[in-house]
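Visitor: Structure supplied as structure.txt; contents: compact mmCIF, C-alpha atoms.
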```
# COMPACT_ATOMS: atom_id res chain seq x y z
CA MET A 651 125.24 99.67 99.03
CA PHE A 652 124.24 103.28 99.68
CA THR A 653 125.79 106.43 101.13
CA GLY A 654 122.92 107.92 103.10
CA LEU A 655 122.83 111.00 100.87
CA ILE A 656 119.21 111.39 99.77
CA GLU A 657 118.59 112.03 96.05
CA ASP A 658 114.86 112.68 95.98
CA ILE A 659 111.70 112.84 98.06
CA GLY A 660 109.21 110.42 96.54
CA ILE A 661 105.45 110.23 97.03
CA VAL A 662 103.62 107.00 97.80
CA LYS A 663 101.04 106.51 95.05
CA ASN A 664 99.69 103.05 95.83
CA ILE A 665 100.12 100.42 98.53
CA PHE A 666 99.15 96.84 97.80
CA SER A 667 99.36 93.74 99.98
CA SER A 668 103.08 93.27 99.33
CA GLN A 669 103.96 96.08 96.91
CA ILE A 670 104.40 99.81 97.04
CA GLU A 671 104.34 102.28 94.14
CA ILE A 672 106.35 105.48 94.51
CA VAL A 673 106.33 108.57 92.28
CA THR A 674 109.81 110.01 91.80
CA SER A 675 111.73 112.48 89.66
CA LEU A 676 114.75 110.14 89.55
CA LYS A 677 115.68 109.17 86.01
CA GLU A 678 117.13 106.03 84.45
CA ILE A 679 115.67 103.63 86.99
CA LYS A 680 115.69 100.12 85.55
CA LYS A 681 113.90 96.95 86.54
CA GLY A 682 115.94 95.19 89.19
CA ASP A 683 117.61 98.35 90.51
CA SER A 684 118.09 98.64 94.26
CA ILE A 685 116.52 101.77 95.75
CA ALA A 686 116.61 102.74 99.41
CA VAL A 687 113.13 103.86 100.51
CA ASN A 688 113.45 105.56 103.91
CA GLY A 689 116.63 103.55 104.25
CA VAL A 690 115.05 100.20 103.35
CA CYS A 691 116.67 98.52 100.35
CA LEU A 692 113.90 97.59 97.89
CA THR A 693 114.08 96.27 94.34
CA ALA A 694 112.28 98.05 91.51
CA ALA A 695 110.04 95.36 90.01
CA ILE A 696 107.92 97.48 87.66
CA ILE A 697 109.00 100.72 85.98
CA LYS A 698 106.45 103.32 84.89
CA ALA A 699 106.77 106.79 83.33
CA ASN A 700 107.32 108.65 86.60
CA SER A 701 107.13 105.93 89.24
CA PHE A 702 108.32 102.47 90.20
CA VAL A 703 106.76 99.55 92.01
CA ALA A 704 108.73 97.51 94.55
CA ASP A 705 107.92 94.33 96.47
CA TYR A 706 108.43 94.09 100.21
CA SER A 707 108.18 91.07 102.46
CA PRO A 708 106.10 90.55 105.62
CA TYR A 709 109.41 90.67 107.55
CA THR A 710 110.17 94.12 106.15
CA ASN A 711 106.65 95.29 106.90
CA LYS A 712 106.92 94.08 110.50
CA ASN A 713 110.43 95.30 111.32
CA THR A 714 110.52 98.72 109.63
CA ALA A 715 108.42 101.86 109.61
CA LEU A 716 107.22 101.15 106.06
CA SER A 717 104.07 99.77 107.66
CA LYS A 718 103.24 103.34 108.77
CA LEU A 719 103.20 104.68 105.21
CA VAL A 720 99.91 105.71 103.58
CA ILE A 721 98.92 107.13 100.20
CA ASN A 722 100.71 110.49 99.63
CA SER A 723 103.33 109.82 102.32
CA ARG A 724 106.69 111.38 101.47
CA VAL A 725 109.73 109.08 101.47
CA ASN A 726 113.48 109.53 101.17
CA LEU A 727 114.95 107.89 98.05
CA GLU A 728 118.51 106.96 97.14
CA ARG A 729 119.71 104.79 94.28
CA ALA A 730 122.42 102.21 94.92
CA LEU A 731 126.03 103.42 94.99
CA GLN A 732 128.09 103.13 91.82
CA PHE A 733 131.79 102.28 92.10
CA SER A 734 132.61 105.57 90.38
CA SER A 735 130.66 107.60 92.97
CA ARG A 736 132.14 109.56 95.84
CA LEU A 737 131.30 108.09 99.26
CA GLY A 738 130.06 111.35 100.75
CA GLY A 739 128.10 109.87 103.65
CA HIS A 740 128.97 106.48 105.13
CA ILE A 741 128.51 102.85 104.13
CA VAL A 742 124.79 102.04 104.31
CA SER A 743 123.52 98.58 103.35
CA GLY A 744 119.80 99.29 103.32
CA HIS A 745 119.26 96.42 105.78
CA VAL A 746 117.34 98.23 108.49
CA ASP A 747 117.89 97.08 112.09
CA GLY A 748 114.55 98.30 113.38
CA THR A 749 112.83 101.54 114.31
CA VAL A 750 113.38 104.44 116.69
CA GLN A 751 110.99 107.10 117.93
CA ILE A 752 111.50 110.85 117.64
CA ARG A 753 111.55 112.27 121.17
CA ASP A 754 112.01 115.95 120.32
CA ILE A 755 112.89 118.25 117.42
CA LYS A 756 114.26 121.68 118.22
CA LYS A 757 115.72 124.40 116.00
CA ILE A 758 118.94 125.83 117.41
CA ASP A 759 120.27 128.72 115.33
CA ASN A 760 120.13 127.32 111.76
CA PHE A 761 120.49 123.70 112.85
CA TYR A 762 117.98 121.12 114.02
CA GLN A 763 118.58 119.09 117.16
CA VAL A 764 116.72 115.77 117.04
CA LEU A 765 116.47 113.40 120.02
CA PHE A 766 115.53 109.76 119.51
CA ASN A 767 114.24 107.11 121.89
CA CYS A 768 115.67 103.71 121.09
CA LYS A 769 116.32 100.25 122.46
CA GLU A 770 119.34 99.55 124.62
CA SER A 771 120.49 96.99 122.08
CA PHE A 772 120.99 99.82 119.55
CA LEU A 773 122.76 102.04 122.08
CA ASN A 774 125.32 99.30 122.65
CA PHE A 775 126.71 100.09 119.18
CA MET A 776 126.83 103.86 119.61
CA ILE A 777 129.46 106.34 120.69
CA THR A 778 129.70 110.09 120.21
CA LYS A 779 130.55 110.96 116.57
CA CYS A 780 129.62 107.52 115.21
CA SER A 781 127.56 107.28 112.03
CA VAL A 782 123.94 106.17 111.86
CA ALA A 783 121.34 106.08 109.08
CA ILE A 784 117.85 107.34 110.02
CA ASP A 785 115.21 106.83 107.32
CA GLY A 786 118.18 106.39 105.00
CA VAL A 787 119.83 109.71 105.92
CA SER A 788 123.50 109.54 106.93
CA LEU A 789 123.87 111.33 110.26
CA THR A 790 126.43 111.69 113.03
CA VAL A 791 125.52 110.95 116.63
CA SER A 792 126.39 114.00 118.73
CA LYS A 793 125.49 112.57 122.13
CA VAL A 794 124.35 109.26 123.63
CA TYR A 795 121.85 109.18 126.51
CA ASP A 796 120.39 106.39 128.59
CA PHE A 797 117.10 106.77 126.67
CA GLY A 798 118.55 107.15 123.19
CA PHE A 799 120.72 109.54 121.22
CA GLU A 800 120.98 112.99 119.67
CA VAL A 801 121.88 114.26 116.20
CA PHE A 802 122.20 117.73 114.71
CA ILE A 803 120.92 118.14 111.16
CA ILE A 804 122.18 120.88 108.86
CA PRO A 805 119.56 123.08 107.11
CA GLU A 806 120.21 121.59 103.64
CA THR A 807 119.64 118.03 104.84
CA PHE A 808 116.59 119.02 106.87
CA VAL A 809 114.73 120.70 104.01
CA SER A 810 115.77 118.22 101.29
CA THR A 811 114.64 115.11 103.18
CA ILE A 812 111.44 114.10 104.95
CA PHE A 813 112.89 115.32 108.26
CA SER A 814 111.13 118.61 107.51
CA LEU A 815 107.83 116.70 107.80
CA LYS A 816 108.65 114.78 110.97
CA LYS A 817 107.11 115.48 114.37
CA ASN A 818 107.48 114.20 117.91
CA ASN A 819 106.61 110.50 118.45
CA ASP A 820 107.00 109.63 114.75
CA GLU A 821 108.77 106.35 114.04
CA ALA A 822 111.82 106.19 111.79
CA ASN A 823 113.96 103.39 110.40
CA ILE A 824 117.44 102.96 111.83
CA GLU A 825 120.49 101.22 110.43
CA ILE A 826 123.48 100.91 112.74
CA ASP A 827 126.88 101.57 111.18
CA ILE A 828 128.15 98.25 109.81
CA LEU A 829 131.66 98.99 111.12
CA SER A 830 130.29 99.27 114.66
CA LYS A 831 128.73 95.83 114.28
CA TYR A 832 132.01 94.27 113.16
CA VAL A 833 133.96 95.91 115.97
CA LYS A 834 131.44 94.76 118.59
CA LYS A 835 131.45 91.20 117.25
CA PHE A 836 135.25 91.15 117.16
CA THR A 837 135.59 92.46 120.72
CA ASN A 838 132.92 90.05 122.02
CA GLU A 839 134.68 87.07 120.46
CA ARG A 840 138.03 88.25 121.75
CA SER A 841 136.77 89.22 125.20
CA GLY A 842 139.31 88.28 127.86
CA SER A 843 142.02 87.51 125.32
CA ILE A 844 143.17 90.98 124.25
CA SER A 845 146.93 91.20 124.56
CA ILE A 846 149.90 92.89 122.94
CA GLU A 847 150.51 89.72 120.95
CA MET A 848 146.88 89.61 119.72
CA LEU A 849 146.96 93.28 118.72
CA LYS A 850 150.23 92.81 116.85
CA GLY A 851 148.94 89.68 115.17
CA ASN A 852 145.88 91.50 113.87
CA GLY A 853 147.82 94.53 112.62
CA PHE A 854 146.68 97.06 115.24
CA ILE A 855 150.24 97.84 116.38
```
Can I see the file as structure tokens?
Guide:
Amino acid sequence: MFTGLIEDIGIVKNIFSSQIEIVTSLKEIKKGDSIAVNGVCLTAAIIKANSFVADYSPYTNKNTALSKLVINSRVNLERALQFSSRLGGHIVSGHVDGTVQIRDIKKIDNFYQVLFNCKESFLNFMITKCSVAIDGVSLTVSKVYDFGFEVFIIPETFVSTIFSLKKNNDEANIEIDILSKYVKKFTNERSGSISIEMLKGNGFI
């Protein structure tokens, strides 16, 4: 599990058929550690002096924006959450749901407004002020449109993640808030049977 609070910007050193090597300043990475790379949970298979190598499957390559990475690409990195850590962002699993496309980036005062195009199936999980992870960054949806959604990024997050390198039409990984998924599944299964008795029975009132 992750929080969506980025720890480092890594640099892609090598890309093999099913492996990626990333240079990072993160310390104490061990073989087998889970590391979110642009929000995709990967496992460190080989540890080197200032880099790690992780495997990724054809499924991951097909369904995330990792396939767009090239040598020297910058990537957001976050190590897995420890039980002693503060949950400063939101619960992020590292299991990416797919990709979205940046529609527009605009600086407004000191903040950055970013609009995303995305599939309707993703929008079905979104409401204003819900959480979403974009390239592993925990963000809050400020508005939902028929074409996608909007977020505002604070200056610190913008400059300390790869958002500062993004441009219009770039693809990014998206992970929908896990709580939204549970709520939608619950309401779908209970559709047509919501009553005072059901709400009481499930502890809502």
Visitor: Using only C-alpha atoms, which of A:Ile656, A:Ala704, A:Ala699, A:Leu815 sits nearest A:Ser723?
Guide: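 Among the listed residues, the smallest separation from A:Ser723 belongs to A:Leu815.
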Visitor: Which of these, A:Thr714, A:Gln763, A:Ser707, A:Ser788, has the shortest distance to A:Gly738 once you count only C-alpha atoms?
Guide: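 Smallest distance to A:Gly738 is found for A:Ser788.
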Visitor: Write out as a PyMOL selection string the residues lying within 10 Å of A:Phe802, counting all atoms listed in the file and excluding same-chain residues fewer than 5 positions away.
Guide: chain A and resi 755-758+761-765+789-793+808
Visitor: Between A:Ile672, A:Leu829, A:Ile777, A:Ile812, which is the closest to A:Gly660 once you count all atoms listed in the file?
Guide: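 Of A:Ile672, A:Leu829, A:Ile777, A:Ile812, the one nearest A:Gly660 is A:Ile672, counting all atoms listed in the file.
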Visitor: Can you tell me which residues surround A:Ser771 at a distance of at most 12 Å, considering only C-alpha atoms, apart from same-chain residues fewer than 4 positions away, and format the answer as a PyMOL selection string?
Guide: chain A and resi 747-750+767+775-776+796-798+826+831+834
Visitor: If we draw a sphere of 10 Å around (119.0, 99.9, 110.3), which residues have at least one atom in it when counting only C-alpha atoms? Please report them as a ChimeraX atom specification.
Guide: /A:689-690,713-714,742-750,772,782-786,822-828
Visitor: Go ahead and write the selection's residues with C-alpha atoms as a PDB file, in the coordinates of the input.
Guide:
```pdb
ATOM      1  CA  GLY A 689     116.630 103.550 104.250  1.00  0.00           C
ATOM      2  CA  VAL A 690     115.050 100.200 103.350  1.00  0.00           C
ATOM      3  CA  ASN A 713     110.430  95.300 111.320  1.00  0.00           C
ATOM      4  CA  THR A 714     110.520  98.720 109.630  1.00  0.00           C
ATOM      5  CA  VAL A 742     124.790 102.040 104.310  1.00  0.00           C
ATOM      6  CA  SER A 743     123.520  98.580 103.350  1.00  0.00           C
ATOM      7  CA  GLY A 744     119.800  99.290 103.320  1.00  0.00           C
ATOM      8  CA  HIS A 745     119.260  96.420 105.780  1.00  0.00           C
ATOM      9  CA  VAL A 746     117.340  98.230 108.490  1.00  0.00           C
ATOM     10  CA  ASP A 747     117.890  97.080 112.090  1.00  0.00           C
ATOM     11  CA  GLY A 748     114.550  98.300 113.380  1.00  0.00           C
ATOM     12  CA  THR A 749     112.830 101.540 114.310  1.00  0.00           C
ATOM     13  CA  VAL A 750     113.380 104.440 116.690  1.00  0.00           C
ATOM     14  CA  PHE A 772     120.990  99.820 119.550  1.00  0.00           C
ATOM     15  CA  VAL A 782     123.940 106.170 111.860  1.00  0.00           C
ATOM     16  CA  ALA A 783     121.340 106.080 109.080  1.00  0.00           C
ATOM     17  CA  ILE A 784     117.850 107.340 110.020  1.00  0.00           C
ATOM     18  CA  ASP A 785     115.210 106.830 107.320  1.00  0.00           C
ATOM     19  CA  GLY A 786     118.180 106.390 105.000  1.00  0.00           C
ATOM     20  CA  ALA A 822     111.820 106.190 111.790  1.00  0.00           C
ATOM     21  CA  ASN A 823     113.960 103.390 110.400  1.00  0.00           C
ATOM     22  CA  ILE A 824     117.440 102.960 111.830  1.00  0.00           C
ATOM     23  CA  GLU A 825     120.490 101.220 110.430  1.00  0.00           C
ATOM     24  CA  ILE A 826     123.480 100.910 112.740  1.00  0.00           C
ATOM     25  CA  ASP A 827     126.880 101.570 111.180  1.00  0.00           C
ATOM     26  CA  ILE A 828     128.150  98.250 109.810  1.00  0.00           C
TER      27      ILE A 828
END
```
Visitor: Distance cut-off 12 Å, centre (98.2, 97.2, 96.7) in file coordinates, counting all atoms listed in the file: which residues qualify? Return them as a list of chain:residue names.
Guide: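 The answer, in the requested form, is A:Val662, A:Lys663, A:Asn664, A:Ile665, A:Phe666, A:Ser667, A:Ser668, A:Gln669, A:Ile670, A:Glu671, A:Ile672, A:Val703, A:Ala704, A:Asp705, A:Tyr706, A:Val720, A:Ile721.
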Visitor: What's around A:Asp658 at 7 Å? Count all atoms listed in the file, leave out sequence neighbours fewer than 5 positions away in its own chain, and write the answer as a list in words.
Guide: Leu676, Asn726, Leu727 and Glu728 of chain A
Visitor: Got a sec: who's within 7 Å of A:Ile741, counting all atoms listed in the file, leaving out chain neighbours fewer than 5 positions off, as a PyMOL selection string?
Guide: chain A and resi 651-653
Visitor: Considering all atoms listed in the file, can you say which of A:Lys680, A:Lys816, A:Arg729, A:Arg753 comes closest to A:Leu655?
Guide: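 Checking each candidate against A:Leu655, we get A:Arg729 as the closest.
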Visitor: Mind giving me the straight-line distance from atom CA of A:Asn818 to atom CA of A:Thr778 in Å, one decimal?
Guide: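 Atom CA of A:Thr778 lies 22.7 Å from atom CA of A:Asn818.
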Visitor: Would you give the centre and edge lengths, in Å to one decimal, of a box along x, y and z around the listed atoms of stretch 784-789 of chain A, with 5 Å added to each side, as lines of an AutoDock Vina configuration file?
Guide:
```
center_x = 119.5
center_y = 108.9
center_z = 107.6
size_x = 18.7
size_y = 14.9
size_z = 15.3
```
Visitor: Atom CA of A:Ile696 and atom CA of A:Ala730 are how many Å apart?
Guide: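 Separation of atom CA of A:Ile696 and atom CA of A:Ala730: 16.9 Å.
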Visitor: Which of these residues is nearest to A:Asn760, using only C-alpha atoms: A:Ser781, A:Gln732, A:Pro805, A:Gly682?
Guide: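 Comparing A:Ser781, A:Gln732, A:Pro805, A:Gly682 against A:Asn760, the winner is A:Pro805.
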Visitor: Go ahead and compute the interatomic distance for atom CA of A:Val687 and atom CA of A:Val801, in Å to one decimal.
Guide: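 Computing the Euclidean distance for atom CA of A:Val687 and atom CA of A:Val801 yields 20.8 Å.
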Visitor: Quick one: of A:Tyr832, A:Cys768, A:Leu719, A:Gly654, who's nearest to A:His740, counting all atoms listed in the file?
Guide: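 Closest to A:His740, using all atoms listed in the file: A:Gly654.
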Visitor: Since the input lacks some atoms of stretch 664-675 of chain A, please model N, CA, C and O atoms and print them as a compact mmCIF listing (two decimals), in the coordinates of the input.
Guide:
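Generated file (rebuild.txt):
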```txt
# COMPACT_ATOMS: atom_id res chain seq x y z
N ASN A 664 100.56 104.19 95.54
CA ASN A 664 99.69 103.05 95.83
C ASN A 664 100.39 102.12 96.81
O ASN A 664 101.62 102.00 96.80
N ILE A 665 99.61 101.46 97.64
CA ILE A 665 100.12 100.42 98.53
C ILE A 665 99.23 99.19 98.36
O ILE A 665 98.02 99.26 98.53
N PHE A 666 99.87 98.09 97.98
CA PHE A 666 99.15 96.84 97.80
C PHE A 666 99.51 95.91 98.95
O PHE A 666 100.18 96.32 99.90
N SER A 667 99.11 94.67 98.88
CA SER A 667 99.36 93.74 99.98
C SER A 667 100.86 93.53 100.23
O SER A 667 101.29 93.40 101.37
N SER A 668 101.63 93.48 99.17
CA SER A 668 103.08 93.27 99.33
C SER A 668 103.88 94.13 98.36
O SER A 668 105.04 93.82 98.07
N GLN A 669 103.28 95.18 97.85
CA GLN A 669 103.96 96.08 96.91
C GLN A 669 103.66 97.53 97.26
O GLN A 669 102.64 97.84 97.87
N ILE A 670 104.58 98.38 96.85
CA ILE A 670 104.40 99.81 97.04
C ILE A 670 104.81 100.53 95.76
O ILE A 670 105.82 100.17 95.14
N GLU A 671 104.01 101.49 95.32
CA GLU A 671 104.34 102.28 94.14
C GLU A 671 104.69 103.69 94.60
O GLU A 671 103.96 104.31 95.38
N ILE A 672 105.82 104.19 94.08
CA ILE A 672 106.35 105.48 94.51
C ILE A 672 106.62 106.37 93.31
O ILE A 672 107.32 105.96 92.37
N VAL A 673 106.07 107.57 93.32
CA VAL A 673 106.33 108.57 92.28
C VAL A 673 107.66 109.24 92.61
O VAL A 673 107.92 109.61 93.76
N THR A 674 108.50 109.41 91.59
CA THR A 674 109.81 110.01 91.80
C THR A 674 110.26 110.77 90.56
O THR A 674 109.84 110.47 89.44
N SER A 675 111.13 111.75 90.77
CA SER A 675 111.73 112.48 89.66
C SER A 675 113.06 111.86 89.23
O SER A 675 113.69 112.34 88.28
```
